[in-house]
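Q: Structure provided below as structure tokens; questions to follow.
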Amino acid sequence: MGNRGQSRVILVLAGLCVAVMLLSGFRSAGTAGGNGLQEVSAVSAVTASTAGAGELQDSLALLTTLGREVSAPGAPLRLVLKWQGEYSGEAAADATVQNLSSRLGLGEVSSSDEDGHLTLRSSAELSGGVKVSLFWSELGGGRSYCIVTFETADLLDSPELTSAAGDAGQAMLQAGIVAEWNVSLQAPAKEQSGPQAALLATEQNLAAQLPGIHAEENYADETTSSRSYNVPGLQRTVSSGGHELSLQLAVHRDGNEDRNRVTLGLPLITIEY
């Protein structure tokens, strides 16, 4: 299928992940109507954000352990973490984004018109080489979509990323944004046989760390093999084809470097693998 086929699959997975986040959200059981988190009490918001931050911290620790197991010894662990979700409120978009950007310690907010929608962006680089960016796009009807992305070339050299990402989730929630996180880790693979054989060997390493892991969906072409799994005990899931998926694994043969690259995603991979 080649790179075009691979790109289509990645876009479908990313679209699925975003759609699920929009539909299920990070909502309180008491939320009703069209104002989203505007109607959630301050106590409920703080409780939800604290729980979400704790879940994220545990997931990043797990992902670090899994990454070390399946990557080449000493390889850098590239990580991309995204908080994304919908905002619906009466406050002006530029004021809301400026306040959120300031809370995240980002730079000046820039704006542009893209396909008739107001788009706002800001970014900064934290210590340890962690890059943070904010993307905001008005959807119409008083609704907007926001993505805050954290990226580091090596998670092991960026110990401050976990707390900064947790703080970002709380800041988004308190700003009235219905946000969910997804995270992808990528590194040179320990297994350097063909992609399918390397995936099976990598899968065995995962099974030793994740009792009860069960493959639900598969994809393969000449250079790439991928599986998505249900994993008992992992709280973040997305629904796909009647399955609850909480982890995705992909092994891709990089033709330029002539070696395998492994990617792990919780609950799905949302970067190019």
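The way I read the labels, and the way they are meant: chains A, B, ... in the order of the structure tokens, residue 1 as the first residue of every chain, and ligand 1 as the first ligand shown, with later ones counted on from there.
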I'd like the neighbourhood of segment 127-139 of chain A as a ChimeraX atom specification, where a residue qualifies if any of its atoms comes within 7 Å (using only C-alpha atoms), though same-chain residues fewer than 4 positions away should be ignored.
A: /A:117-123,143-152,157-158,161
Q: Select from segment 90-201 of chain A everything DSSP, run on the backbone, classes as strand (DSSP E or B), then give the selection as number ranges by chain.
A: A: 110-114, 117-125, 131-140, 143-152, 177-189
Q: From the options A:Ala179, A:Ala197, A:Leu185, A:Val109, which residue's atoms come nearest to Leu79 of chain A, counting only C-alpha atoms?
A: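 Nearest candidate to Leu79 of chain A out of A:Ala179, A:Ala197, A:Leu185, A:Val109: A:Leu185.
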Q: With distances taken over only C-alpha atoms, which residue among A:Gly67, A:Leu106, A:Gln209, A:Ile177 lies nearest Ala93 of chain A?
A: A:Ile177
Q: Write out as number ranges by chain each polymer residue whose atoms come within 10 Å of Pro232 of chain A, counting only C-alpha atoms; drop sequence neighbours fewer than 6 positions from it.
A: A: 210-214, 246
Q: To one decimal place in Å, what is the distance between atom CA of Ala215 of chain A and atom CA of Glu244 of chain A?
A: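 Pair atom CA of Ala215 of chain A / atom CA of Glu244 of chain A returns 10.6 Å.
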